[in-house]
$ cat model_35.cif   # mmCIF, C-alpha atoms
data_coords
#
loop_
_atom_site.group_PDB
_atom_site.id
_atom_site.type_symbol
_atom_site.label_atom_id
_atom_site.label_comp_id
_atom_site.auth_asym_id
_atom_site.auth_seq_id
_atom_site.Cartn_x
_atom_site.Cartn_y
_atom_site.Cartn_z
ATOM 1 C CA MET A 164 48.688 -6.303 -0.923
ATOM 2 C CA ARG A 165 48.748 -4.373 2.375
ATOM 3 C CA LYS A 166 45.233 -3.055 1.720
ATOM 4 C CA LEU A 167 43.958 -6.585 1.064
ATOM 5 C CA ILE A 168 45.519 -7.910 4.296
ATOM 6 C CA ALA A 169 44.082 -4.985 6.276
ATOM 7 C CA PHE A 170 40.628 -5.606 4.803
ATOM 8 C CA LEU A 171 40.755 -9.330 5.684
ATOM 9 C CA LEU A 172 41.815 -8.510 9.263
ATOM 10 C CA PHE A 173 38.899 -6.072 9.511
ATOM 11 C CA LEU A 174 36.396 -8.738 8.382
ATOM 12 C CA LEU A 175 37.844 -11.251 10.852
ATOM 13 C CA THR A 176 37.539 -8.747 13.731
ATOM 14 C CA VAL A 177 33.920 -7.920 12.869
ATOM 15 C CA GLY A 178 33.024 -11.624 12.605
ATOM 16 C CA GLN A 179 34.558 -12.429 16.001
ATOM 17 C CA GLY A 180 32.765 -9.497 17.633
ATOM 18 C CA ALA A 181 29.421 -10.563 16.193
ATOM 19 C CA THR A 182 29.832 -14.175 17.331
ATOM 20 C CA ALA A 183 30.655 -13.057 20.874
ATOM 21 C CA GLN A 184 27.298 -11.304 21.350
ATOM 22 C CA GLU A 185 24.578 -13.029 23.408
ATOM 23 C CA VAL A 186 20.821 -12.703 23.624
ATOM 24 C CA SER A 187 20.799 -12.755 27.408
ATOM 25 C CA GLY A 188 20.321 -9.281 28.855
ATOM 26 C CA GLN A 189 20.778 -7.578 25.489
ATOM 27 C CA GLN A 190 18.199 -5.544 23.589
ATOM 28 C CA MET A 191 18.807 -6.177 19.911
ATOM 29 C CA PRO A 192 18.192 -2.991 17.884
ATOM 30 C CA LEU A 193 15.715 -3.256 15.073
ATOM 31 C CA PRO A 194 17.129 -3.111 11.526
ATOM 32 C CA ASN A 195 15.639 0.356 10.920
ATOM 33 C CA GLU A 196 17.294 1.700 14.081
ATOM 34 C CA GLU A 197 20.676 0.400 12.955
ATOM 35 C CA LEU A 198 20.282 1.986 9.528
ATOM 36 C CA HIS A 199 19.205 5.267 11.095
ATOM 37 C CA GLN A 200 22.337 5.342 13.235
ATOM 38 C CA LEU A 201 24.489 4.857 10.136
ATOM 39 C CA ALA A 202 22.568 7.377 8.027
ATOM 40 C CA PRO A 203 20.642 9.792 10.309
ATOM 41 C CA ASN A 204 19.658 12.134 7.457
ATOM 42 C CA VAL A 205 18.122 9.433 5.280
ATOM 43 C CA GLU A 206 14.352 8.948 5.483
ATOM 44 C CA LEU A 207 13.561 5.277 6.171
ATOM 45 C CA ARG A 208 10.384 3.767 4.777
ATOM 46 C CA PRO A 209 9.301 0.214 5.684
ATOM 47 C CA ILE A 210 8.966 -2.296 2.868
ATOM 48 C CA THR A 211 5.453 -3.782 2.982
ATOM 49 C CA PRO A 212 5.091 -7.268 1.476
ATOM 50 C CA THR A 213 2.528 -7.759 -1.258
ATOM 51 C CA TYR A 214 -0.606 -9.815 -0.750
ATOM 52 C CA SER A 215 0.926 -12.696 -2.730
ATOM 53 C CA ASP A 216 3.931 -12.649 -0.387
ATOM 54 C CA ILE A 217 1.633 -12.947 2.645
ATOM 55 C CA LEU A 218 -0.305 -15.814 1.037
ATOM 56 C CA MET A 219 2.910 -17.645 0.272
ATOM 57 C CA MET A 220 4.176 -17.247 3.845
ATOM 58 C CA LYS A 221 0.830 -18.461 5.205
ATOM 59 C CA ALA A 222 0.968 -21.500 2.943
ATOM 60 C CA LEU A 223 4.518 -22.311 4.039
ATOM 61 C CA SER A 224 3.558 -21.916 7.682
ATOM 62 C CA SER A 225 0.454 -24.098 7.456
ATOM 63 C CA SER A 226 2.228 -26.860 5.529
ATOM 64 C CA GLU A 227 5.035 -27.082 8.118
ATOM 65 C CA LEU A 228 7.695 -26.699 5.411
ATOM 66 C CA LEU A 229 9.787 -24.478 7.675
ATOM 67 C CA ALA A 230 10.159 -27.130 10.393
ATOM 68 C CA THR A 231 12.144 -30.364 10.234
ATOM 69 C CA PRO A 232 9.948 -33.232 11.527
ATOM 70 C CA ASN A 233 10.888 -36.409 13.391
ATOM 71 C CA MET A 234 13.870 -34.923 15.206
ATOM 72 C CA PRO A 235 14.352 -35.023 19.001
ATOM 73 C CA ILE A 236 13.824 -31.748 20.827
ATOM 74 C CA VAL A 237 16.981 -30.243 22.294
ATOM 75 C CA PRO A 238 16.348 -27.651 25.034
ATOM 76 C CA MET A 239 17.390 -24.247 23.702
ATOM 77 C CA PRO A 240 16.469 -21.536 26.231
ATOM 78 C CA PHE A 241 16.270 -18.060 24.781
ATOM 79 C CA ALA A 242 18.764 -16.896 27.385
ATOM 80 C CA ILE A 243 21.573 -18.886 25.752
ATOM 81 C CA ALA A 244 20.286 -19.307 22.195
ATOM 82 C CA GLN A 245 22.372 -17.675 19.503
ATOM 83 C CA PRO A 246 20.763 -14.726 17.665
ATOM 84 C CA LEU A 247 19.234 -15.790 14.377
ATOM 85 C CA VAL A 248 21.163 -13.204 12.417
ATOM 86 C CA TYR A 249 24.340 -15.152 13.231
ATOM 87 C CA GLY A 250 22.923 -18.693 13.021
ATOM 88 C CA TYR A 251 21.273 -21.120 10.653
ATOM 89 C CA ASP A 252 17.965 -22.999 10.647
ATOM 90 C CA ALA A 253 17.573 -24.862 13.953
ATOM 91 C CA SER A 254 13.914 -25.870 13.628
ATOM 92 C CA HIS A 255 12.816 -29.202 15.012
ATOM 93 C CA SER A 256 9.660 -30.780 16.451
ATOM 94 C CA GLU A 257 8.442 -33.956 18.089
ATOM 95 C CA THR A 258 5.100 -35.558 18.924
ATOM 96 C CA ALA A 259 4.369 -38.241 21.538
ATOM 97 C CA SER A 260 1.063 -40.112 21.555
ATOM 98 C CA MET A 261 -0.414 -42.635 23.994
ATOM 99 C CA GLU A 262 -3.513 -44.758 23.438
ATOM 100 C CA VAL A 263 -5.331 -44.968 26.781
ATOM 101 C CA SER A 264 -8.148 -47.104 25.433
ATOM 102 C CA LYS A 265 -9.696 -48.062 22.117
ATOM 103 C CA ASN A 266 -11.507 -44.724 21.894
ATOM 104 C CA LEU A 267 -9.241 -42.422 23.929
ATOM 105 C CA ARG A 268 -5.820 -41.066 22.951
ATOM 106 C CA LEU A 269 -3.510 -38.495 24.582
ATOM 107 C CA THR A 270 -0.986 -36.446 22.590
ATOM 108 C CA ALA A 271 1.885 -34.122 23.538
ATOM 109 C CA THR A 272 3.780 -31.933 21.077
ATOM 110 C CA GLY A 273 6.804 -29.676 21.233
ATOM 111 C CA ALA A 274 8.585 -27.573 18.640
ATOM 112 C CA TYR A 275 11.354 -25.033 18.221
ATOM 113 C CA ARG A 276 11.160 -22.984 15.035
ATOM 114 C CA SER A 277 13.767 -20.621 13.742
ATOM 115 C CA TYR A 278 12.651 -18.061 11.161
ATOM 116 C CA ILE A 279 16.023 -16.780 10.023
ATOM 117 C CA GLY A 280 16.521 -13.065 10.594
ATOM 118 C CA LEU A 281 12.993 -12.682 11.986
ATOM 119 C CA MET A 282 12.181 -14.510 15.234
ATOM 120 C CA ASP A 283 12.352 -17.720 17.276
ATOM 121 C CA VAL A 284 9.238 -19.638 18.359
ATOM 122 C CA GLN A 285 8.975 -22.266 21.095
ATOM 123 C CA SER A 286 5.683 -24.212 21.271
ATOM 124 C CA VAL A 287 4.367 -26.894 23.603
ATOM 125 C CA GLY A 288 0.915 -28.442 23.716
ATOM 126 C CA GLY A 289 -1.142 -31.315 25.007
ATOM 127 C CA GLY A 290 -4.350 -32.752 23.621
ATOM 128 C CA VAL A 291 -6.966 -35.427 24.123
ATOM 129 C CA GLN A 292 -8.998 -37.210 21.449
ATOM 130 C CA TYR A 293 -12.120 -39.302 21.964
ATOM 131 C CA SER A 294 -13.831 -41.285 19.209
ATOM 132 C CA LEU A 295 -17.218 -42.960 19.251
ATOM 133 C CA GLY A 296 -18.586 -44.369 16.022
ATOM 134 C CA GLY A 297 -18.460 -41.677 13.347
ATOM 135 C CA MET A 298 -17.887 -38.868 15.893
ATOM 136 C CA THR A 299 -14.487 -37.584 17.025
ATOM 137 C CA VAL A 300 -13.979 -34.950 19.746
ATOM 138 C CA GLN A 301 -10.636 -33.229 20.323
ATOM 139 C CA GLY A 302 -9.418 -30.728 22.909
ATOM 140 C CA ALA A 303 -6.010 -29.158 23.414
ATOM 141 C CA LEU A 304 -3.997 -26.649 25.417
ATOM 142 C CA ALA A 305 -1.030 -24.799 23.890
ATOM 143 C CA ALA A 306 1.639 -22.286 24.813
ATOM 144 C CA ASN A 307 3.727 -20.320 22.311
ATOM 145 C CA ARG A 308 6.783 -18.266 23.200
ATOM 146 C CA TYR A 309 8.206 -15.740 20.724
ATOM 147 C CA LEU A 310 11.624 -14.100 20.697
ATOM 148 C CA TYR A 311 11.392 -11.047 18.453
ATOM 149 C CA TYR A 312 14.498 -8.839 18.340
ATOM 150 C CA GLY A 313 15.371 -9.314 22.000
ATOM 151 C CA ARG A 314 11.800 -9.113 23.305
ATOM 152 C CA VAL A 315 9.959 -12.201 24.598
ATOM 153 C CA PHE A 316 6.176 -12.674 24.280
ATOM 154 C CA THR A 317 4.132 -15.605 25.605
ATOM 155 C CA GLN A 318 0.773 -16.728 24.221
ATOM 156 C CA TYR A 319 -1.586 -19.303 25.753
ATOM 157 C CA GLY A 320 -4.460 -20.976 23.945
ATOM 158 C CA VAL A 321 -7.232 -23.540 24.244
ATOM 159 C CA SER A 322 -8.857 -25.254 21.270
ATOM 160 C CA GLY A 323 -11.568 -27.766 20.489
ATOM 161 C CA GLN A 324 -12.835 -29.661 17.468
ATOM 162 C CA LEU A 325 -15.846 -31.846 16.734
ATOM 163 C CA SER A 326 -15.987 -34.029 13.615
ATOM 164 C CA TYR A 327 -18.738 -36.337 12.420
ATOM 165 C CA SER A 328 -18.484 -38.684 9.437
ATOM 166 C CA PHE A 329 -21.833 -39.330 7.764
ATOM 167 C CA ASN A 330 -20.300 -41.808 5.318
ATOM 168 C CA PRO A 331 -16.850 -42.457 3.759
ATOM 169 C CA ASN A 332 -17.357 -39.559 1.324
ATOM 170 C CA LEU A 333 -18.937 -36.875 3.544
ATOM 171 C CA ALA A 334 -17.928 -35.417 6.931
ATOM 172 C CA LEU A 335 -18.605 -32.280 9.005
ATOM 173 C CA THR A 336 -16.036 -30.497 11.214
ATOM 174 C CA ILE A 337 -16.590 -27.641 13.712
ATOM 175 C CA PHE A 338 -13.552 -26.039 15.361
ATOM 176 C CA GLY A 339 -12.518 -23.145 17.576
ATOM 177 C CA THR A 340 -9.356 -21.733 19.170
ATOM 178 C CA TYR A 341 -9.041 -18.968 21.751
ATOM 179 C CA TYR A 342 -5.775 -17.192 22.674
ATOM 180 C CA ASN A 343 -5.346 -14.897 25.660
ATOM 181 C CA THR A 344 -3.439 -12.468 23.440
ATOM 182 C CA ASN A 345 -3.110 -11.927 19.701
ATOM 183 C CA PRO A 346 0.177 -10.031 19.258
ATOM 184 C CA PHE A 347 1.215 -8.193 16.105
ATOM 185 C CA PHE A 348 4.965 -7.905 15.590
ATOM 186 C CA SER A 349 5.313 -6.938 11.926
ATOM 187 C CA MET A 350 3.895 -7.801 8.502
ATOM 188 C CA ALA A 351 6.777 -10.229 8.008
ATOM 189 C CA ALA A 352 5.895 -12.146 11.202
ATOM 190 C CA PHE A 353 2.109 -11.830 10.710
ATOM 191 C CA PRO A 354 1.587 -15.188 8.898
ATOM 192 C CA PHE A 355 3.466 -17.174 11.559
ATOM 193 C CA VAL A 356 1.552 -16.001 14.655
ATOM 194 C CA PRO A 357 -1.760 -17.860 15.211
ATOM 195 C CA THR A 358 -4.800 -15.922 16.440
ATOM 196 C CA THR A 359 -8.258 -16.615 17.853
ATOM 197 C CA SER A 360 -10.536 -18.291 15.312
ATOM 198 C CA TYR A 361 -13.592 -20.497 14.890
ATOM 199 C CA GLY A 362 -15.609 -21.985 12.057
ATOM 200 C CA GLY A 363 -16.704 -25.134 10.304
ATOM 201 C CA TYR A 364 -16.406 -26.986 6.998
ATOM 202 C CA MET A 365 -17.670 -30.008 5.081
ATOM 203 C CA THR A 366 -15.266 -32.599 3.673
ATOM 204 C CA VAL A 367 -16.388 -34.106 0.375
ATOM 205 C CA GLY A 368 -14.434 -36.709 -1.613
ATOM 206 C CA ASN A 369 -12.612 -39.982 -1.245
ATOM 207 C CA ARG A 370 -9.229 -41.172 0.027
ATOM 208 C CA SER A 371 -7.381 -40.015 -3.104
ATOM 209 C CA PHE A 372 -8.971 -36.580 -3.507
ATOM 210 C CA TYR A 373 -11.192 -34.468 -1.262
ATOM 211 C CA VAL A 374 -12.218 -30.831 -0.748
ATOM 212 C CA ASN A 375 -12.859 -28.904 2.478
ATOM 213 C CA LEU A 376 -15.607 -26.292 1.991
ATOM 214 C CA GLY A 377 -16.704 -23.948 4.775
ATOM 215 C CA VAL A 378 -16.150 -20.612 6.489
ATOM 216 C CA GLU A 379 -13.852 -19.319 9.237
ATOM 217 C CA ARG A 380 -13.972 -16.290 11.521
ATOM 218 C CA ARG A 381 -10.526 -15.233 12.730
ATOM 219 C CA PHE A 382 -8.923 -12.279 14.455
ATOM 220 C CA ASN A 383 -6.821 -10.020 12.239
ATOM 221 C CA ALA A 384 -4.041 -8.752 14.528
ATOM 222 C CA PHE A 385 -3.024 -6.048 12.040
ATOM 223 C CA GLU A 386 -6.504 -4.494 11.728
ATOM 224 C CA HIS A 387 -7.568 -5.441 15.302
ATOM 225 C CA LYS A 388 -10.880 -6.979 14.253
ATOM 226 C CA MET A 389 -12.510 -10.284 13.365
ATOM 227 C CA GLU A 390 -12.725 -11.172 9.680
ATOM 228 C CA THR A 391 -14.593 -13.827 7.701
ATOM 229 C CA VAL A 392 -12.611 -16.039 5.330
ATOM 230 C CA PRO A 393 -13.973 -18.877 3.167
ATOM 231 C CA ILE A 394 -12.466 -22.338 3.515
ATOM 232 C CA ILE A 395 -11.736 -23.843 0.107
ATOM 233 C CA THR A 396 -9.015 -26.473 0.338
ATOM 234 C CA PRO A 397 -8.622 -29.192 -2.304
ATOM 235 C CA ALA A 398 -6.302 -32.021 -1.233
ATOM 236 C CA PHE A 399 -4.485 -34.735 -3.167
ATOM 237 C CA LYS A 400 -3.253 -37.858 -1.401
ATOM 238 C CA ILE A 401 -0.082 -39.038 -3.112
ATOM 239 C CA SER A 402 0.741 -41.826 -0.653
ATOM 240 C CA ASN A 403 -0.089 -42.964 2.877
ATOM 241 C CA LYS A 404 2.362 -40.398 4.280
ATOM 242 C CA VAL A 405 2.105 -37.552 1.760
ATOM 243 C CA THR A 406 -0.972 -35.380 1.193
ATOM 244 C CA ILE A 407 -0.846 -32.060 -0.669
ATOM 245 C CA GLU A 408 -3.389 -29.428 0.432
ATOM 246 C CA LEU A 409 -4.002 -26.148 -1.417
ATOM 247 C CA PRO A 410 -5.654 -23.553 0.865
ATOM 248 C CA LEU A 411 -7.427 -21.164 -1.520
ATOM 249 C CA GLY A 412 -9.684 -19.361 0.962
ATOM 250 C CA ASP A 413 -7.567 -16.207 1.347
ATOM 251 C CA LEU A 414 -7.014 -15.947 -2.393
ATOM 252 C CA THR A 415 -10.751 -16.336 -3.066
ATOM 253 C CA LYS A 416 -11.555 -13.640 -0.481
ATOM 254 C CA HIS A 417 -9.063 -11.276 -2.087
ATOM 255 C CA LEU A 418 -10.461 -11.862 -5.591
ATOM 256 C CA ILE A 419 -14.038 -11.250 -4.410
ATOM 257 C CA GLU A 420 -12.985 -8.005 -2.699
ATOM 258 C CA GLU A 421 -11.205 -6.845 -5.856
ATOM 259 C CA ILE A 422 -14.309 -7.551 -7.963
ATOM 260 C CA LEU A 423 -16.589 -5.710 -5.513
ATOM 261 C CA ILE A 424 -14.243 -2.719 -5.392
ATOM 262 C CA LYS A 425 -14.005 -2.465 -9.167
ATOM 263 C CA SER A 426 -17.779 -2.807 -9.603
ATOM 264 C CA GLY A 427 -18.666 -0.456 -6.742
ATOM 265 C CA PRO A 428 -20.178 3.040 -7.060
ATOM 266 C CA HIS A 429 -16.783 4.717 -6.618
ATOM 267 C CA ARG A 430 -15.264 3.041 -9.660
ATOM 268 C CA ARG A 431 -13.864 5.284 -12.375
#

$ encode --input "model_35.cif" --output "structure tokens"
Amino acid sequence: MRKLIAFLLFLLTVGQGATAQEVSGQQMPLPNEELHQLAPNVELRPITPTYSDILMMKALSSSELLATPNMPIVPMPFAIAQPLVYGYDASHSETASMEVSKNLRLTATGAYRSYIGLMDVQSVGGGVQYSLGGMTVQGALAANRYLYYGRVFTQYGVSGQLSYSFNPNLALTIFGTYYNTNPFFSMAAFPFVPTTSYGGYMTVGNRSFYVNLGVERRFNAFEHKMETVPIITPAFKISNKVTIELPLGDLTKHLIEEILIKSGPHRR
């Protein structure tokens, strides 16, 4: 009984000490550093996610499943925000739009995303959209701020998009985004950090089902080079508010590379 009481008091003390820590002015040690302090003689090897893990994280990121929409933004400066390792999901976002004229619209967005145990992301942006007949032109400015284990990184970007609808079943879209920096934090954070990219695609289909087919050039922050990825995205519209998109470009690229490697001259 005494051992049980002592153990419970120990857990309570550790919990209170962890809650009392703050982000402000504190360098949070990386998980590997903490493990090395506990076991200095043990060789630590990073766990690299598989390609399917990366694809899944990219899909979750692009579909906004990790953010809770339609919630007011509450200012949460990094200086007073609680470390993620001690908190729960605090993601929220909001969009404000104003129609200046029949063809001109202004949009402002803001978001706070909390990837539990990984990093915090604050994003703000403003955009303008102009439509004339079947043509739509969009431009936007964005700023992303990352808190990754006590370190803060800021990323600024400018983007543009031109779309033209030939008829209700066929449209063309050209897009491009440039960031002043393309940081690489880790393989776990890699899918959630946008990078410089440009490309174009055709949209073929109707209101219930359509497919985006094209190509994209984007910067790979891990390999420090531009890479070409096909755009193959079938989409199913379930209702006026729900549309399911399946981005298959990365998977197609991976399958083609596997086939070329197996059929190459170095095959066994």

$ resolve_selection --input "model_35.cif" --expression "the PyMOL selection byres ((chain A and resi 371-376) around 8)" --output "PyMOL selection string"
chain A and resi 364-370+377-378+393-401

$ resolve_selection --input "model_35.cif" --expression "the PyMOL selection byres ((chain A and resi 291-300) around 9)" --output "list in words"
Lys265, Asn266, Leu267, Arg268, Leu269, Thr270, Ala271, Gly289, Gly290, Gln301, Gly302, Ala303, Gly323, Gln324, Leu325, Ser326, Tyr327, Ser328, Phe329, Asn330 and Ala334 of chain A

$ axis_aligned_box --input "model_35.cif" --around "region 391-398 of chain A" --padding-each-side "4 Å" --output "JSON"
{"center_x": -10.4, "center_y": -22.9, "center_z": 2.7, "size_x": 16.3, "size_y": 26.2, "size_z": 18.0}

$ residues_around --input "model_35.cif" --residues "Tyr319 (chain A)" --least-positions-apart "2" --cutoff "10 Å" --atoms "only C-alpha atoms" --output "count of residues only"
15

$ atom_distance --input "model_35.cif" --atom1 "CA of Arg381 (chain A)" --atom2 "CA of Ile424 (chain A)"
22.3 Å

$ residues_around --input "model_35.cif" --residues "Phe348 (chain A)" --least-positions-apart "4" --cutoff "8 Å" --atoms "all atoms listed in the file" --output "list in words"
Tyr311, Ala352 and Phe353 of chain A

$ atom_distance --input "model_35.cif" --atom1 "CA of Val356 (chain A)" --atom2 "CA of Ile407 (chain A)"
22.3 Å

$ resolve_selection --input "model_35.cif" --expression "the PyMOL selection byres ((chain A and resi 391) around 6)" --output "list in words"
Glu379, Arg380, Glu390 and Val392 of chain A

$ atom_distance --input "model_35.cif" --atom1 "CA of Leu333 (chain A)" --atom2 "CA of Glu408 (chain A)"
17.5 Å

$ residues_around --input "model_35.cif" --residues "region 273-277 of chain A" --least-positions-apart "6" --cutoff "6 Å" --atoms "only C-alpha atoms" --output "PyMOL selection string"
chain A and resi 252-257+283-287

$ closest_residue --input "model_35.cif" --among "A:Thr272, A:Gln318, A:Asn383, A:Gly280" --to "Ala351 (chain A)" --atoms "all atoms listed in the file"
A:Gly280
